[in-house]
file protein.cif (mmCIF, C-alpha atoms, pLDDT in the B column; chains and numbers go by the auth columns)
data_protein
loop_
_atom_site.group_PDB
_atom_site.id
_atom_site.type_symbol
_atom_site.label_atom_id
_atom_site.label_comp_id
_atom_site.label_asym_id
_atom_site.label_seq_id
_atom_site.Cartn_x
_atom_site.Cartn_y
_atom_site.Cartn_z
_atom_site.B_iso_or_equiv
_atom_site.auth_seq_id
_atom_site.auth_asym_id
ATOM 1 C CA MET A 1 15.890 -14.256 -5.650 44.00 133 A
ATOM 2 C CA PRO A 2 13.145 -11.703 -6.397 48.00 134 A
ATOM 3 C CA LEU A 3 9.816 -13.030 -7.605 49.00 135 A
ATOM 4 C CA THR A 4 8.301 -11.562 -10.745 49.00 136 A
ATOM 5 C CA ALA A 5 5.092 -9.614 -10.331 53.00 137 A
ATOM 6 C CA SER A 6 2.582 -9.114 -13.092 51.00 138 A
ATOM 7 C CA ALA A 7 1.661 -5.574 -12.079 53.00 139 A
ATOM 8 C CA GLY A 8 2.265 -2.512 -14.216 58.00 140 A
ATOM 9 C CA ALA A 9 4.410 0.401 -13.171 59.00 141 A
ATOM 10 C CA GLN A 10 4.046 3.997 -12.167 64.00 142 A
ATOM 11 C CA LYS A 11 5.243 6.382 -14.850 66.00 143 A
ATOM 12 C CA TYR A 12 7.577 9.228 -14.138 64.00 144 A
ATOM 13 C CA GLU A 13 5.832 12.569 -14.392 69.00 145 A
ATOM 14 C CA PRO A 14 7.735 15.772 -13.716 65.00 146 A
ATOM 15 C CA LEU A 15 6.863 17.249 -10.325 60.00 147 A
ATOM 16 C CA SER A 16 7.061 20.854 -9.250 64.00 148 A
ATOM 17 C CA ASP A 17 9.725 21.625 -6.667 62.00 149 A
ATOM 18 C CA SER A 18 7.094 22.216 -3.991 61.00 150 A
ATOM 19 C CA VAL A 19 5.374 18.864 -4.652 61.00 151 A
ATOM 20 C CA ARG A 20 8.721 17.044 -4.726 56.00 152 A
ATOM 21 C CA ALA A 21 9.699 18.671 -1.408 60.00 153 A
ATOM 22 C CA ALA A 22 6.360 17.804 0.208 63.00 154 A
ATOM 23 C CA LEU A 23 6.539 14.174 -0.940 61.00 155 A
ATOM 24 C CA SER A 24 10.144 13.951 0.196 65.00 156 A
ATOM 25 C CA ARG A 25 9.201 15.214 3.667 63.00 157 A
ATOM 26 C CA THR A 26 6.433 12.629 3.829 65.00 158 A
ATOM 27 C CA ILE A 27 8.773 9.785 2.919 64.00 159 A
ATOM 28 C CA SER A 28 11.510 10.839 5.351 59.00 160 A
ATOM 29 C CA ASP A 29 9.221 11.472 8.317 57.00 161 A
ATOM 30 C CA GLN A 30 9.791 8.798 10.954 61.00 162 A
ATOM 31 C CA ALA A 31 6.938 6.804 12.423 55.00 163 A
ATOM 32 C CA PRO A 32 6.022 7.873 15.942 49.00 164 A
ATOM 33 C CA PRO A 33 6.106 5.129 18.592 52.00 165 A
ATOM 34 C CA ARG A 34 2.312 4.764 18.796 62.00 166 A
ATOM 35 C CA SER A 35 -0.440 2.721 17.234 73.00 167 A
ATOM 36 C CA SER A 36 -2.571 3.956 14.353 79.00 168 A
ATOM 37 C CA PHE A 37 -5.668 2.352 15.858 79.00 169 A
ATOM 38 C CA LEU A 38 -8.222 4.445 17.746 75.00 170 A
ATOM 39 C CA ASP A 39 -8.241 2.024 20.676 82.00 171 A
ATOM 40 C CA SER A 40 -6.934 -1.375 21.726 87.00 172 A
ATOM 41 C CA MET A 41 -10.207 -3.202 20.991 90.00 173 A
ATOM 42 C CA GLU A 42 -10.231 -1.871 17.433 87.00 174 A
ATOM 43 C CA ALA A 43 -6.640 -3.073 17.036 90.00 175 A
ATOM 44 C CA ILE A 44 -7.432 -6.540 18.389 92.00 176 A
ATOM 45 C CA ASP A 45 -10.550 -6.923 16.222 93.00 177 A
ATOM 46 C CA TRP A 46 -8.966 -5.662 12.988 95.00 178 A
ATOM 47 C CA LEU A 47 -5.663 -7.489 13.413 95.00 179 A
ATOM 48 C CA SER A 48 -7.424 -10.754 14.318 96.00 180 A
ATOM 49 C CA GLU A 49 -9.764 -10.614 11.330 96.00 181 A
ATOM 50 C CA MET A 50 -7.158 -9.532 8.782 97.00 182 A
ATOM 51 C CA SER A 51 -4.631 -12.032 10.147 97.00 183 A
ATOM 52 C CA LEU A 52 -7.069 -14.889 9.532 97.00 184 A
ATOM 53 C CA ARG A 53 -7.633 -13.695 5.966 97.00 185 A
ATOM 54 C CA LEU A 54 -3.901 -13.378 5.307 98.00 186 A
ATOM 55 C CA GLU A 55 -2.770 -16.591 7.014 97.00 187 A
ATOM 56 C CA LYS A 56 -2.345 -18.657 3.816 96.00 188 A
ATOM 57 C CA ARG A 57 -0.318 -15.915 2.113 97.00 189 A
ATOM 58 C CA ILE A 58 1.924 -15.056 5.081 97.00 190 A
ATOM 59 C CA PRO A 59 2.094 -18.185 7.292 97.00 191 A
ATOM 60 C CA ASP A 60 4.370 -16.743 10.007 97.00 192 A
ATOM 61 C CA ARG A 61 2.018 -15.249 12.634 97.00 193 A
ATOM 62 C CA GLU A 62 4.447 -12.644 14.005 96.00 194 A
ATOM 63 C CA GLY A 63 5.540 -11.598 10.519 95.00 195 A
ATOM 64 C CA ARG A 64 1.907 -11.362 9.453 97.00 196 A
ATOM 65 C CA LEU A 65 0.970 -9.182 12.435 95.00 197 A
ATOM 66 C CA GLU A 66 4.004 -6.936 11.870 93.00 198 A
ATOM 67 C CA PHE A 67 2.972 -6.596 8.227 96.00 199 A
ATOM 68 C CA LEU A 68 -0.644 -5.765 9.124 96.00 200 A
ATOM 69 C CA ARG A 69 0.362 -3.202 11.772 94.00 201 A
ATOM 70 C CA ALA A 70 2.654 -1.533 9.235 94.00 202 A
ATOM 71 C CA VAL A 71 -0.041 -1.524 6.523 96.00 203 A
ATOM 72 C CA HIS A 72 -2.577 -0.053 8.921 95.00 204 A
ATOM 73 C CA TYR A 73 -0.148 2.600 10.140 93.00 205 A
ATOM 74 C CA GLU A 74 1.149 3.706 6.724 94.00 206 A
ATOM 75 C CA ALA A 75 -2.291 3.660 5.093 95.00 207 A
ATOM 76 C CA THR A 76 -3.872 5.632 7.941 94.00 208 A
ATOM 77 C CA ARG A 77 -0.940 8.042 7.974 91.00 209 A
ATOM 78 C CA ALA A 78 -1.504 8.743 4.254 93.00 210 A
ATOM 79 C CA GLY A 79 -5.277 9.088 4.676 95.00 211 A
ATOM 80 C CA LEU A 80 -6.022 5.798 2.901 97.00 212 A
ATOM 81 C CA ASP A 81 -8.274 2.908 3.848 96.00 213 A
ATOM 82 C CA PRO A 82 -5.989 0.069 5.056 97.00 214 A
ATOM 83 C CA GLN A 83 -8.264 -2.471 3.362 97.00 215 A
ATOM 84 C CA LEU A 84 -7.827 -0.647 0.023 98.00 216 A
ATOM 85 C CA VAL A 85 -4.072 -0.935 0.486 98.00 217 A
ATOM 86 C CA LEU A 86 -4.414 -4.675 1.177 98.00 218 A
ATOM 87 C CA GLY A 87 -6.409 -5.042 -2.056 98.00 219 A
ATOM 88 C CA LEU A 88 -3.750 -3.102 -3.963 98.00 220 A
ATOM 89 C CA ILE A 89 -0.969 -5.264 -2.505 98.00 221 A
ATOM 90 C CA GLN A 90 -2.868 -8.420 -3.416 98.00 222 A
ATOM 91 C CA VAL A 91 -3.093 -7.293 -7.044 97.00 223 A
ATOM 92 C CA GLU A 92 0.377 -5.739 -7.278 97.00 224 A
ATOM 93 C CA SER A 93 2.566 -8.389 -5.647 97.00 225 A
ATOM 94 C CA GLY A 94 0.382 -11.161 -4.276 97.00 226 A
ATOM 95 C CA PHE A 95 1.862 -10.298 -0.848 98.00 227 A
ATOM 96 C CA LYS A 96 5.396 -11.171 -1.988 97.00 228 A
ATOM 97 C CA LYS A 97 7.949 -8.947 -0.271 96.00 229 A
ATOM 98 C CA TYR A 98 10.623 -9.458 -2.925 97.00 230 A
ATOM 99 C CA ALA A 99 8.381 -9.268 -6.000 97.00 231 A
ATOM 100 C CA VAL A 100 9.873 -7.481 -9.012 96.00 232 A
ATOM 101 C CA SER A 101 7.714 -6.613 -12.024 94.00 233 A
ATOM 102 C CA SER A 102 8.890 -6.797 -15.621 93.00 234 A
ATOM 103 C CA ALA A 103 9.066 -2.966 -15.494 92.00 235 A
ATOM 104 C CA GLY A 104 11.306 -3.101 -12.402 95.00 236 A
ATOM 105 C CA ALA A 105 8.756 -2.163 -9.724 96.00 237 A
ATOM 106 C CA ARG A 106 9.683 -3.577 -6.318 97.00 238 A
ATOM 107 C CA GLY A 107 8.207 -5.008 -3.166 97.00 239 A
ATOM 108 C CA PHE A 108 4.729 -5.406 -1.744 98.00 240 A
ATOM 109 C CA MET A 109 3.356 -2.225 -3.338 97.00 241 A
ATOM 110 C CA GLN A 110 5.456 -2.459 -6.505 97.00 242 A
ATOM 111 C CA VAL A 111 7.161 0.911 -6.249 96.00 243 A
ATOM 112 C CA MET A 112 9.281 2.007 -9.203 95.00 244 A
ATOM 113 C CA PRO A 113 12.926 2.773 -8.305 95.00 245 A
ATOM 114 C CA PHE A 114 12.807 6.221 -9.941 94.00 246 A
ATOM 115 C CA TRP A 115 10.824 7.399 -6.898 93.00 247 A
ATOM 116 C CA ILE A 116 13.958 7.063 -4.765 93.00 248 A
ATOM 117 C CA LYS A 117 15.692 9.657 -6.953 91.00 249 A
ATOM 118 C CA VAL A 118 12.628 11.900 -7.125 89.00 250 A
ATOM 119 C CA ILE A 119 11.563 12.002 -3.464 87.00 251 A
ATOM 120 C CA GLY A 120 13.747 9.655 -1.447 87.00 252 A
ATOM 121 C CA ARG A 121 17.291 9.020 -0.349 88.00 253 A
ATOM 122 C CA GLY A 122 19.835 6.976 -2.260 89.00 254 A
ATOM 123 C CA ASP A 123 20.041 4.338 0.459 90.00 255 A
ATOM 124 C CA ASP A 124 16.260 3.696 0.639 93.00 256 A
ATOM 125 C CA ASN A 125 15.528 -0.007 0.176 95.00 257 A
ATOM 126 C CA LEU A 126 12.217 -0.667 -1.581 96.00 258 A
ATOM 127 C CA PHE A 127 12.211 -4.239 -0.240 96.00 259 A
ATOM 128 C CA HIS A 128 12.147 -2.992 3.358 95.00 260 A
ATOM 129 C CA LEU A 129 8.584 -3.388 4.675 95.00 261 A
ATOM 130 C CA ARG A 130 7.968 0.070 6.120 93.00 262 A
ATOM 131 C CA THR A 131 9.909 1.847 3.357 94.00 263 A
ATOM 132 C CA ASN A 132 7.919 0.104 0.619 96.00 264 A
ATOM 133 C CA LEU A 133 4.612 0.794 2.339 96.00 265 A
ATOM 134 C CA ARG A 134 5.563 4.406 3.068 94.00 266 A
ATOM 135 C CA TYR A 135 6.458 5.063 -0.571 95.00 267 A
ATOM 136 C CA GLY A 136 3.465 3.180 -1.970 97.00 268 A
ATOM 137 C CA CYS A 137 0.920 4.865 0.295 96.00 269 A
ATOM 138 C CA THR A 138 2.476 8.300 -0.250 94.00 270 A
ATOM 139 C CA ILE A 139 2.446 7.831 -4.037 95.00 271 A
ATOM 140 C CA LEU A 140 -1.181 6.625 -4.058 97.00 272 A
ATOM 141 C CA ARG A 141 -2.184 9.592 -1.856 96.00 273 A
ATOM 142 C CA HIS A 142 -0.360 11.920 -4.296 95.00 274 A
ATOM 143 C CA TYR A 143 -2.272 10.423 -7.217 96.00 275 A
ATOM 144 C CA LEU A 144 -5.579 10.711 -5.336 97.00 276 A
ATOM 145 C CA ASP A 145 -4.817 14.378 -4.708 95.00 277 A
ATOM 146 C CA ILE A 146 -3.961 14.980 -8.381 95.00 278 A
ATOM 147 C CA GLU A 147 -7.194 13.242 -9.408 97.00 279 A
ATOM 148 C CA LYS A 148 -9.272 15.148 -6.808 97.00 280 A
ATOM 149 C CA GLY A 149 -10.266 11.956 -4.981 97.00 281 A
ATOM 150 C CA ASP A 150 -11.122 9.885 -8.067 98.00 282 A
ATOM 151 C CA LEU A 151 -9.925 6.440 -6.965 98.00 283 A
ATOM 152 C CA TYR A 152 -10.376 4.885 -10.419 97.00 284 A
ATOM 153 C CA ARG A 153 -8.050 7.427 -12.047 97.00 285 A
ATOM 154 C CA ALA A 154 -5.595 7.414 -9.116 97.00 286 A
ATOM 155 C CA LEU A 155 -5.256 3.629 -9.342 98.00 287 A
ATOM 156 C CA GLY A 156 -4.728 3.920 -13.093 97.00 288 A
ATOM 157 C CA ARG A 157 -1.889 6.378 -12.476 95.00 289 A
ATOM 158 C CA TYR A 158 -0.424 4.144 -9.778 96.00 290 A
ATOM 159 C CA ASN A 159 -0.329 1.230 -12.188 94.00 291 A
ATOM 160 C CA GLY A 160 0.725 3.231 -15.233 92.00 292 A
ATOM 161 C CA SER A 161 -2.551 2.369 -16.979 93.00 293 A
ATOM 162 C CA LEU A 162 -4.540 5.592 -16.656 94.00 294 A
ATOM 163 C CA GLY A 163 -7.859 5.373 -18.487 92.00 295 A
ATOM 164 C CA GLN A 164 -7.873 1.577 -18.718 95.00 296 A
ATOM 165 C CA PRO A 165 -10.417 -0.206 -16.520 95.00 297 A
ATOM 166 C CA GLN A 166 -8.658 -3.529 -15.864 97.00 298 A
ATOM 167 C CA TYR A 167 -6.328 -2.522 -13.049 97.00 299 A
ATOM 168 C CA PRO A 168 -8.702 -0.291 -11.027 97.00 300 A
ATOM 169 C CA ASN A 169 -11.363 -3.015 -11.356 98.00 301 A
ATOM 170 C CA LEU A 170 -8.923 -5.685 -10.122 98.00 302 A
ATOM 171 C CA VAL A 171 -7.957 -3.641 -7.053 98.00 303 A
ATOM 172 C CA ARG A 172 -11.556 -2.715 -6.286 98.00 304 A
ATOM 173 C CA GLY A 173 -12.579 -6.369 -6.700 98.00 305 A
ATOM 174 C CA ALA A 174 -9.840 -7.633 -4.370 98.00 306 A
ATOM 175 C CA TRP A 175 -10.748 -4.966 -1.820 97.00 307 A
ATOM 176 C CA ASP A 176 -14.471 -5.806 -1.958 97.00 308 A
ATOM 177 C CA ARG A 177 -14.119 -9.612 -2.048 97.00 309 A
ATOM 178 C CA HIS A 178 -11.278 -10.177 0.391 97.00 310 A
ATOM 179 C CA TRP A 179 -10.586 -7.140 2.564 97.00 311 A
ATOM 180 C CA THR A 180 -13.894 -5.407 3.341 95.00 312 A
ATOM 181 C CA TYR A 181 -14.130 -4.908 7.079 93.00 313 A
ATOM 182 C CA THR A 182 -16.632 -3.157 9.300 86.00 314 A
ATOM 183 C CA ALA A 183 -15.679 -2.504 12.914 78.00 315 A
ATOM 184 C CA ASN A 184 -17.665 -4.462 15.505 63.00 316 A
ATOM 185 C CA ARG A 185 -19.301 -6.464 12.732 47.00 317 A
ATOM 186 C CA VAL A 186 -17.043 -8.893 10.961 47.00 318 A
ATOM 187 C CA ALA A 187 -18.115 -9.488 7.375 47.00 319 A
ATOM 188 C CA SER A 188 -18.419 -13.171 6.530 46.00 320 A
ATOM 189 C CA ARG A 189 -16.087 -14.370 3.853 44.00 321 A
#
call {"tool": "encode", "arguments": {"input": "protein.cif", "output": "structure tokens"}}
result
Amino acid sequence: MPLTASAGAQKYEPLSDSVRAALSRTISDQAPPRSSFLDSMEAIDWLSEMSLRLEKRIPDREGRLEFLRAVHYEATRAGLDPQLVLGLIQVESGFKKYAVSSAGARGFMQVMPFWIKVIGRGDDNLFHLRTNLRYGCTILRHYLDIEKGDLYRALGRYNGSLGQPQYPNLVRGAWDRHWTYTANRVASR
């Protein structure tokens, strides 16, 4: 049974045909069989640190590492900071794969089903790990582009609360308090 999430919901905004086509290509592009990390030491360090931080929320070690690899890949692919995405997921779903908001948003990143019709395929499953992350990261990147890099406004659009400070502040707070990471120097938490 899906778990209810307290997050808001993206709002449908008409997209030009060219934007819809570009977003659709981004969603349908398959992941190449390579890591998103610059080198194996970076992967070991980041995965080890983030895994420790996530252990209470996702107890299964292999599932947790698969989740973290997917987050890192999809965030990096979309030009986002993976730690930002972890903060967003914490706020949106509390790391619950089957979370459903009162507005109907689904999965880790609380993606609204209308996005499947707008940029996806009818058989896309928003509870599938990589699909949910791919949509969520692509949508956040789209909003960042619309807002010319303004993270506060992009997060407001993502949540359907543009102009209201609560949601962007929650995501930024989760990111800063729980997911800040500097390579070769692990921040104490």
call {"tool": "closest_atom_pairs", "arguments": {"input": "protein.cif", "of": "region 190-251 of chain A", "to": "region 284-302 of chain A", "cutoff": "9 Å", "atoms": "all atoms listed in the file", "output": "CSV"}}
result
residue,atom,partner,partner_atom,distance
A:Gly219,CA,A:Leu302,CA,8.5
A:Leu220,CA,A:Leu302,CA,8.4
A:Val223,CA,A:Leu302,CA,6.8
A:Glu224,CA,A:Asn291,CA,8.6
A:Gln242,CA,A:Asn291,CA,8.9
A:Val243,CA,A:Tyr290,CA,9.0
call {"tool": "closest_atom_pairs", "arguments": {"input": "protein.cif", "of": "region 198-289 of chain A", "to": "region 188-193 of chain A", "cutoff": "10 Å", "atoms": "all atoms listed in the file", "output": "Markdown table"}}
result
| residue | atom | partner | partner_atom | distance |
| --- | --- | --- | --- | --- |
| A:Glu198 | CA | A:Arg193 | CA | 8.6 |
| A:Phe199 | CA | A:Ile190 | CA | 9.1 |
| A:Gln222 | CA | A:Arg189 | CA | 9.7 |
| A:Gly226 | CA | A:Arg189 | CA | 8.0 |
| A:Phe227 | CA | A:Arg189 | CA | 6.7 |
| A:Lys228 | CA | A:Arg189 | CA | 8.5 |
call {"tool": "resolve_selection", "arguments": {"input": "protein.cif", "expression": "the PyMOL selection byres ((chain A and resi 239) around 7)", "output": "list of chain:residue names"}}
result
A:Lys228, A:Lys229, A:Tyr230, A:Ala231, A:Val232, A:Arg238, A:Phe240, A:Met241, A:Gln242, A:Val243, A:Leu258, A:Phe259, A:Asn264
call {"tool": "resolve_selection", "arguments": {"input": "protein.cif", "expression": "the PyMOL selection byres ((chain A and resi 309) around 12)", "output": "ChimeraX atom specification"}}
result
/A:185,215-216,218-219,222,301-308,310-313,319-321
call {"tool": "atom_distance", "arguments": {"input": "protein.cif", "atom1": "CA of Ser225 (chain A)", "atom2": "CA of Gly195 (chain A)"}}
result
16.7 Å
call {"tool": "resolve_selection", "arguments": {"input": "protein.cif", "expression": "the PyMOL selection byres ((chain A and resi 269-280) around 7)", "output": "JSON, numbers by chain"}}
result
{"A": [206, 207, 210, 265, 266, 267, 268, 281, 282, 283, 285, 286, 289, 290]}
call {"tool": "atom_distance", "arguments": {"input": "protein.cif", "atom1": "CA of Ile221 (chain A)", "atom2": "CA of Val203 (chain A)"}}
result
9.8 Å
call {"tool": "atom_distance", "arguments": {"input": "protein.cif", "atom1": "CA of Ser233 (chain A)", "atom2": "CA of Pro245 (chain A)"}}
result
11.4 Å
call {"tool": "residues_near_point", "arguments": {"input": "protein.cif", "point": "(-5.8, -4.8, 18.1)", "cutoff": "12 Å", "atoms": "only C-alpha atoms", "output": "JSON, numbers by chain"}}
result
{"A": [167, 168, 169, 170, 171, 172, 173, 174, 175, 176, 177, 178, 179, 180, 181, 182, 183, 197, 198, 200, 201, 204, 315]}
call {"tool": "decode", "arguments": {"input": "protein.cif", "residues": "region 194-263 of chain A", "atoms": "C-alpha atoms", "output": "PDB file, in the first residue's frame"}}
result
ATOM      1  CA  GLU A 194      22.514  -3.386  -1.229  1.00  0.00           C
ATOM      2  CA  GLY A 195      19.237  -1.543  -1.781  1.00  0.00           C
ATOM      3  CA  ARG A 196      20.724   1.570  -0.202  1.00  0.00           C
ATOM      4  CA  LEU A 197      23.821   1.453  -2.420  1.00  0.00           C
ATOM      5  CA  GLU A 198      21.690   0.873  -5.533  1.00  0.00           C
ATOM      6  CA  PHE A 199      19.562   3.860  -4.533  1.00  0.00           C
ATOM      7  CA  LEU A 200      22.608   6.083  -3.947  1.00  0.00           C
ATOM      8  CA  ARG A 201      24.261   5.078  -7.240  1.00  0.00           C
ATOM      9  CA  ALA A 202      21.021   5.873  -9.069  1.00  0.00           C
ATOM     10  CA  VAL A 203      20.627   9.239  -7.298  1.00  0.00           C
ATOM     11  CA  HIS A 204      24.212  10.174  -8.082  1.00  0.00           C
ATOM     12  CA  TYR A 205      23.876   9.127 -11.717  1.00  0.00           C
ATOM     13  CA  GLU A 206      20.530  10.824 -12.424  1.00  0.00           C
ATOM     14  CA  ALA A 207      21.434  14.011 -10.547  1.00  0.00           C
ATOM     15  CA  THR A 208      24.813  14.295 -12.279  1.00  0.00           C
ATOM     16  CA  ARG A 209      23.221  13.505 -15.633  1.00  0.00           C
ATOM     17  CA  ALA A 210      20.775  16.404 -15.129  1.00  0.00           C
ATOM     18  CA  GLY A 211      23.508  18.780 -13.939  1.00  0.00           C
ATOM     19  CA  LEU A 212      22.295  18.755 -10.325  1.00  0.00           C
ATOM     20  CA  ASP A 213      24.167  18.294  -7.069  1.00  0.00           C
ATOM     21  CA  PRO A 214      23.391  14.743  -5.834  1.00  0.00           C
ATOM     22  CA  GLN A 215      23.275  16.023  -2.251  1.00  0.00           C
ATOM     23  CA  LEU A 216      20.598  18.577  -3.242  1.00  0.00           C
ATOM     24  CA  VAL A 217      18.564  15.717  -4.685  1.00  0.00           C
ATOM     25  CA  LEU A 218      18.957  13.757  -1.430  1.00  0.00           C
ATOM     26  CA  GLY A 219      17.684  16.796   0.497  1.00  0.00           C
ATOM     27  CA  LEU A 220      14.724  17.108  -1.872  1.00  0.00           C
ATOM     28  CA  ILE A 221      13.892  13.406  -1.498  1.00  0.00           C
ATOM     29  CA  GLN A 222      14.085  13.687   2.281  1.00  0.00           C
ATOM     30  CA  VAL A 223      11.535  16.512   2.248  1.00  0.00           C
ATOM     31  CA  GLU A 224       9.319  15.124  -0.523  1.00  0.00           C
ATOM     32  CA  SER A 225       8.947  11.475   0.487  1.00  0.00           C
ATOM     33  CA  GLY A 226      11.115  10.774   3.512  1.00  0.00           C
ATOM     34  CA  PHE A 227      12.910   8.192   1.321  1.00  0.00           C
ATOM     35  CA  LYS A 228       9.722   6.146   0.863  1.00  0.00           C
ATOM     36  CA  LYS A 229       9.652   4.520  -2.567  1.00  0.00           C
ATOM     37  CA  TYR A 230       5.873   4.102  -2.621  1.00  0.00           C
ATOM     38  CA  ALA A 231       4.931   7.472  -1.114  1.00  0.00           C
ATOM     39  CA  VAL A 232       1.839   9.127  -2.595  1.00  0.00           C
ATOM     40  CA  SER A 233       0.957  12.727  -1.732  1.00  0.00           C
ATOM     41  CA  SER A 234      -2.574  13.998  -1.216  1.00  0.00           C
ATOM     42  CA  ALA A 235      -2.222  15.626  -4.674  1.00  0.00           C
ATOM     43  CA  GLY A 236      -1.260  12.273  -6.231  1.00  0.00           C
ATOM     44  CA  ALA A 237       2.499  12.798  -6.609  1.00  0.00           C
ATOM     45  CA  ARG A 238       4.408   9.509  -6.569  1.00  0.00           C
ATOM     46  CA  GLY A 239       7.631   7.931  -5.438  1.00  0.00           C
ATOM     47  CA  PHE A 240      10.880   9.171  -3.959  1.00  0.00           C
ATOM     48  CA  MET A 241      10.817  12.518  -5.786  1.00  0.00           C
ATOM     49  CA  GLN A 242       7.031  12.909  -5.719  1.00  0.00           C
ATOM     50  CA  VAL A 243       6.476  13.243  -9.448  1.00  0.00           C
ATOM     51  CA  MET A 244       2.967  14.125 -10.604  1.00  0.00           C
ATOM     52  CA  PRO A 245       1.438  11.580 -13.025  1.00  0.00           C
ATOM     53  CA  PHE A 246       0.580  14.260 -15.606  1.00  0.00           C
ATOM     54  CA  TRP A 247       4.287  14.315 -16.519  1.00  0.00           C
ATOM     55  CA  ILE A 248       3.927  10.849 -18.052  1.00  0.00           C
ATOM     56  CA  LYS A 249       1.396  12.242 -20.537  1.00  0.00           C
ATOM     57  CA  VAL A 250       3.404  15.406 -21.166  1.00  0.00           C
ATOM     58  CA  ILE A 251       6.908  13.986 -21.672  1.00  0.00           C
ATOM     59  CA  GLY A 252       6.866  10.255 -21.017  1.00  0.00           C
ATOM     60  CA  ARG A 253       5.422   6.993 -22.216  1.00  0.00           C
ATOM     61  CA  GLY A 254       2.152   5.493 -21.049  1.00  0.00           C
ATOM     62  CA  ASP A 255       3.868   2.500 -19.470  1.00  0.00           C
ATOM     63  CA  ASP A 256       6.325   4.556 -17.355  1.00  0.00           C
ATOM     64  CA  ASN A 257       6.077   3.551 -13.696  1.00  0.00           C
ATOM     65  CA  LEU A 258       6.743   6.437 -11.305  1.00  0.00           C
ATOM     66  CA  PHE A 259       7.440   3.954  -8.494  1.00  0.00           C
ATOM     67  CA  HIS A 260      10.375   2.461 -10.409  1.00  0.00           C
ATOM     68  CA  LEU A 261      13.595   3.819  -8.869  1.00  0.00           C
ATOM     69  CA  ARG A 262      15.427   5.008 -11.977  1.00  0.00           C
ATOM     70  CA  THR A 263      12.244   6.217 -13.699  1.00  0.00           C
TER      71      THR A 263
END
